[in-house]
Amino acid sequence: MAIRQGLLALLSQGPRYGYQLRSEFEASTGAIWPLNIGQVYTTLSRLERDGLVAPGEQDAQGRVVYTITEAGRAEMERWLSTPVARSDRPRDELVVKLAMAVAAGADPRPVIRAQRTATMRALQELTRAMAGAEGPAQRLVLDSMIFQAEAEQRWLDHCEAVLAASPRTQETPEATRSPEPGSGPSPDEEF
């Protein structure tokens, strides 16, 4: 999610100043995405430049209150109505790590075991955090994270099953030994 669209969504509820936007953004996302106040003000400056927000007068404490413009409201509505494409999401480091372990001839099972342990620990922490969720926004964020962790556990089970059925990664002394530098499969060896 782009910070700019998140700030526009918050401003659609009424005028806000920078620190207020930061606090509400973090509260809405369950603080999984902490914002630096500098990010907030830099983003507000760009939104103002693009005609999506308008600054008001400074209050008695020197804070500038921002309001969303009609163009900003249209931008927010466009963002909310546009599905997130899988290609817009960052690469999954775990997928790359497992693929590279297999490609390098290393045993991927220790990677899977370590990840399963870490994911289970994260799942337990998320479940505990759910008990303290404040409001539906935090609940939805935590639900998403729990579902992703559960899906990762299922995917790790699938990886083990695929690797167990693959002749290259079955439990053999060769599969658990690191390859010699410069060695590889012979030309007639089957993959």
# chains A, B, ... in the order shown; residues from 1 in each chain; ligands from 1

call {"tool": "select_by_dssp", "arguments": {"residues": "range 36-78 of chain A", "states": "helix (DSSP H, G or I)", "output": "ChimeraX atom specification"}}
result
/A:37-49,70-78

call {"tool": "closest_residue", "arguments": {"among": "A:Leu98, A:Leu11, A:Ala106, A:Leu80", "to": "Pro55 in chain A", "atoms": "only C-alpha atoms"}}
result
A:Leu11

call {"tool": "residues_around", "arguments": {"residues": "Gly62 in chain A", "least_positions_apart": "5", "cutoff": "12 Å", "atoms": "only C-alpha atoms", "output": "compact mmCIF listing (two decimals) with C-alpha atoms, in the first residue's frame"}}
result
# COMPACT_ATOMS: atom_id res chain seq x y z
CA TYR A 17 -2.37 17.46 10.82
CA GLY A 18 0.78 15.38 10.26
CA GLY A 56 -5.06 25.14 6.06
CA GLU A 57 -3.91 27.83 8.43

call {"tool": "residues_around", "arguments": {"residues": "range 119-136 of chain A", "least_positions_apart": "2", "cutoff": "8 Å", "atoms": "only C-alpha atoms", "output": "JSON list (two decimals) with C-alpha atoms, in the first residue's frame"}}
result
[["chain", "number", "residue", "atom", "x", "y", "z"],
["A", 30, "GLY", "CA", -2.03, -2.38, 13.91],
["A", 115, "GLN", "CA", 11.18, -21.40, 8.28],
["A", 116, "ARG", "CA", 8.44, -23.62, 9.68],
["A", 117, "THR", "CA", 9.69, -22.94, 13.21],
["A", 138, "GLN", "CA", -6.53, -3.85, 13.34],
["A", 139, "ARG", "CA", -8.53, -7.09, 13.31],
["A", 140, "LEU", "CA", -8.45, -7.22, 9.50],
["A", 142, "LEU", "CA", -4.04, -9.32, 11.98],
["A", 145, "MET", "CA", -1.19, -11.84, 8.65],
["A", 146, "ILE", "CA", -2.53, -15.00, 10.34],
["A", 149, "ALA", "CA", 1.28, -17.48, 8.00],
["A", 150, "GLU", "CA", -1.13, -20.42, 7.79],
["A", 152, "GLU", "CA", 2.99, -20.41, 4.33],
["A", 153, "GLN", "CA", 2.83, -23.45, 6.64]]

call {"tool": "closest_residue", "arguments": {"among": "A:Pro110, A:Gly72, A:Gly105, A:Gly14", "to": "Leu44 in chain A", "atoms": "only C-alpha atoms"}}
result
A:Gly72

call {"tool": "decode", "arguments": {"residues": "range 60-98 of chain A", "atoms": "N, CA and C atoms", "output": "compact mmCIF listing (two decimals), in the first residue's frame"}}
result
# COMPACT_ATOMS: atom_id res chain seq x y z
N ALA A 60 -2.97 27.34 16.87
CA ALA A 60 -2.25 28.05 17.92
C ALA A 60 -0.93 27.36 18.29
N GLN A 61 -0.84 26.05 18.03
CA GLN A 61 0.37 25.31 18.35
C GLN A 61 1.31 25.19 17.14
N GLY A 62 0.99 25.87 16.05
CA GLY A 62 1.85 25.86 14.88
C GLY A 62 1.65 24.68 13.95
N ARG A 63 0.58 23.92 14.15
CA ARG A 63 0.32 22.74 13.31
C ARG A 63 -0.54 23.15 12.11
N VAL A 64 -0.16 22.63 10.95
CA VAL A 64 -0.94 22.86 9.74
C VAL A 64 -1.91 21.70 9.56
N VAL A 65 -3.17 22.04 9.39
CA VAL A 65 -4.20 21.03 9.18
C VAL A 65 -4.42 20.91 7.68
N TYR A 66 -4.43 19.65 7.18
CA TYR A 66 -4.62 19.37 5.76
C TYR A 66 -6.01 18.83 5.52
N THR A 67 -6.56 19.18 4.36
CA THR A 67 -7.84 18.63 3.94
C THR A 67 -7.68 18.01 2.56
N ILE A 68 -8.51 17.02 2.29
CA ILE A 68 -8.47 16.36 0.99
C ILE A 68 -9.25 17.21 -0.01
N THR A 69 -8.77 17.29 -1.23
CA THR A 69 -9.46 18.01 -2.29
C THR A 69 -10.36 17.03 -3.05
N GLU A 70 -11.17 17.55 -3.97
CA GLU A 70 -12.00 16.67 -4.80
C GLU A 70 -11.11 15.73 -5.64
N ALA A 71 -10.00 16.27 -6.15
CA ALA A 71 -9.06 15.42 -6.92
C ALA A 71 -8.47 14.34 -6.01
N GLY A 72 -8.20 14.68 -4.76
CA GLY A 72 -7.68 13.71 -3.80
C GLY A 72 -8.70 12.63 -3.48
N ARG A 73 -9.95 13.04 -3.35
CA ARG A 73 -11.02 12.07 -3.09
C ARG A 73 -11.18 11.13 -4.28
N ALA A 74 -11.09 11.66 -5.49
CA ALA A 74 -11.19 10.82 -6.70
C ALA A 74 -10.02 9.84 -6.77
N GLU A 75 -8.81 10.30 -6.42
CA GLU A 75 -7.62 9.44 -6.41
C GLU A 75 -7.78 8.31 -5.38
N MET A 76 -8.30 8.67 -4.19
CA MET A 76 -8.52 7.66 -3.16
C MET A 76 -9.55 6.63 -3.62
N GLU A 77 -10.64 7.08 -4.21
CA GLU A 77 -11.68 6.16 -4.67
C GLU A 77 -11.16 5.27 -5.80
N ARG A 78 -10.32 5.82 -6.69
CA ARG A 78 -9.71 5.02 -7.76
C ARG A 78 -8.84 3.92 -7.14
N TRP A 79 -8.03 4.29 -6.14
CA TRP A 79 -7.15 3.33 -5.47
C TRP A 79 -7.97 2.23 -4.79
N LEU A 80 -9.01 2.62 -4.08
CA LEU A 80 -9.82 1.63 -3.37
C LEU A 80 -10.54 0.68 -4.33
N SER A 81 -10.86 1.14 -5.52
CA SER A 81 -11.60 0.30 -6.46
C SER A 81 -10.70 -0.51 -7.39
N THR A 82 -9.38 -0.32 -7.30
CA THR A 82 -8.45 -1.04 -8.17
C THR A 82 -7.86 -2.24 -7.43
N PRO A 83 -8.04 -3.46 -7.96
CA PRO A 83 -7.46 -4.63 -7.30
C PRO A 83 -5.92 -4.56 -7.30
N VAL A 84 -5.33 -5.16 -6.30
CA VAL A 84 -3.87 -5.22 -6.21
C VAL A 84 -3.41 -6.42 -7.03
N ALA A 85 -2.58 -6.17 -8.02
CA ALA A 85 -2.07 -7.25 -8.87
C ALA A 85 -0.94 -7.99 -8.15
N ARG A 86 -0.89 -9.28 -8.34
CA ARG A 86 0.19 -10.07 -7.72
C ARG A 86 1.55 -9.54 -8.15
N SER A 87 1.65 -9.02 -9.37
CA SER A 87 2.94 -8.51 -9.85
C SER A 87 3.35 -7.22 -9.15
N ASP A 88 2.42 -6.57 -8.45
CA ASP A 88 2.73 -5.33 -7.72
C ASP A 88 3.33 -5.60 -6.35
N ARG A 89 3.33 -6.85 -5.94
CA ARG A 89 3.83 -7.21 -4.62
C ARG A 89 5.31 -7.55 -4.72
N PRO A 90 6.06 -7.30 -3.65
CA PRO A 90 7.50 -7.61 -3.72
C PRO A 90 7.77 -9.10 -3.86
N ARG A 91 8.97 -9.42 -4.31
CA ARG A 91 9.37 -10.82 -4.46
C ARG A 91 9.36 -11.50 -3.10
N ASP A 92 9.08 -12.78 -3.11
CA ASP A 92 9.05 -13.57 -1.89
C ASP A 92 10.44 -14.18 -1.68
N GLU A 93 11.16 -13.68 -0.71
CA GLU A 93 12.54 -14.13 -0.47
C GLU A 93 12.60 -15.62 -0.14
N LEU A 94 11.61 -16.13 0.57
CA LEU A 94 11.61 -17.55 0.91
C LEU A 94 11.53 -18.42 -0.34
N VAL A 95 10.68 -18.05 -1.28
CA VAL A 95 10.56 -18.81 -2.53
C VAL A 95 11.90 -18.80 -3.26
N VAL A 96 12.51 -17.63 -3.34
CA VAL A 96 13.81 -17.51 -4.03
C VAL A 96 14.86 -18.35 -3.29
N LYS A 97 14.88 -18.28 -1.98
CA LYS A 97 15.87 -19.03 -1.19
C LYS A 97 15.74 -20.54 -1.41
N LEU A 98 14.51 -21.06 -1.39
CA LEU A 98 14.33 -22.49 -1.61
C LEU A 98 14.70 -22.89 -3.04
